[in-house]
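Undergrad: Can you keep this structure in mind? I'll have questions shortly.
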Amino acid sequence: MKLILLNDYKEMYKKGTRFFVISESEFIGVKEYVLQTENLTGKLILSEKEFIKNFRQI
C-alpha cells in the first residue's frame, strides 16, 4: 500500500513524503504499522492513531 504524509512528522519527514507499508501487526488490540520511505532512506514505526492522523492512501 502506498501512502503520502499529510503533515510534517517530528521534523524528520516533510509533508508530501511518500511511504510504503512494510508490515501491520496487532497485539492485544493495539495496532502498529511499519512504514518505509519510497526512496528507502528511512523507516517509521507508528501506532494506529498516528497512522490515521498523519497518512493517506494514494
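Residue numbers start at 1 in each chain; chains themselves are named A, B, ... in the order of the C-alpha cells; ligands are numbered from 1 in the order shown.
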Considering only alpha helix (DSSP H) as DSSP defines it on the backbone, what residues of chain A qualify? List them as an MDAnalysis selection string.
TA: chainID A and resid 48:54
Undergrad: Quick one: write out the picked residues with N, CA and C atoms as a JSON list (two decimals), in the first residue's frame?
TA:
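What ended up in selection14.json:
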```
[["chain", "number", "residue", "atom", "x", "y", "z"],
["A", 48, "GLU", "N", -1.65, 3.03, 15.55],
["A", 48, "GLU", "CA", -2.78, 3.23, 14.64],
["A", 48, "GLU", "C", -3.25, 4.69, 14.66],
["A", 49, "LYS", "N", -3.25, 5.31, 15.84],
["A", 49, "LYS", "CA", -3.69, 6.69, 15.98],
["A", 49, "LYS", "C", -2.80, 7.64, 15.17],
["A", 50, "GLU", "N", -1.47, 7.48, 15.27],
["A", 50, "GLU", "CA", -0.54, 8.31, 14.49],
["A", 50, "GLU", "C", -0.71, 8.06, 13.00],
["A", 51, "PHE", "N", -0.89, 6.79, 12.65],
["A", 51, "PHE", "CA", -1.05, 6.40, 11.25],
["A", 51, "PHE", "C", -2.26, 7.09, 10.63],
["A", 52, "ILE", "N", -3.40, 7.05, 11.30],
["A", 52, "ILE", "CA", -4.64, 7.65, 10.77],
["A", 52, "ILE", "C", -4.52, 9.16, 10.69],
["A", 53, "LYS", "N", -3.89, 9.77, 11.69],
["A", 53, "LYS", "CA", -3.76, 11.22, 11.75],
["A", 53, "LYS", "C", -2.83, 11.78, 10.68],
["A", 54, "ASN", "N", -1.77, 11.07, 10.34],
["A", 54, "ASN", "CA", -0.71, 11.63, 9.50],
["A", 54, "ASN", "C", -0.59, 11.10, 8.09]]
```
Undergrad: Select from region 5-45 of chain A every residue with an atom at most 10 Å from any atom of region 55-58 of chain A, then for each give the shortest pair of atoms and their distance in Å to one decimal, using only C-alpha atoms, rows by chain and rising number, as CSV.
TA:
```
residue,atom,partner,partner_atom,distance
A:Leu5,CA,A:Phe55,CA,4.8
A:Leu6,CA,A:Phe55,CA,5.5
A:Asn7,CA,A:Phe55,CA,8.1
A:Lys15,CA,A:Phe55,CA,9.6
A:Gly16,CA,A:Phe55,CA,9.4
A:Thr17,CA,A:Phe55,CA,9.8
A:Arg18,CA,A:Ile58,CA,9.1
A:Phe19,CA,A:Phe55,CA,9.0
A:Phe20,CA,A:Gln57,CA,9.6
```
Undergrad: Going by DSSP on the backbone, which residues of chain A come out as strand (DSSP E or B)? List them as a VMD selection string.
TA: chain A and resid 2 to 5 9 13 18 to 27 30 to 37 43 to 47 55 to 57
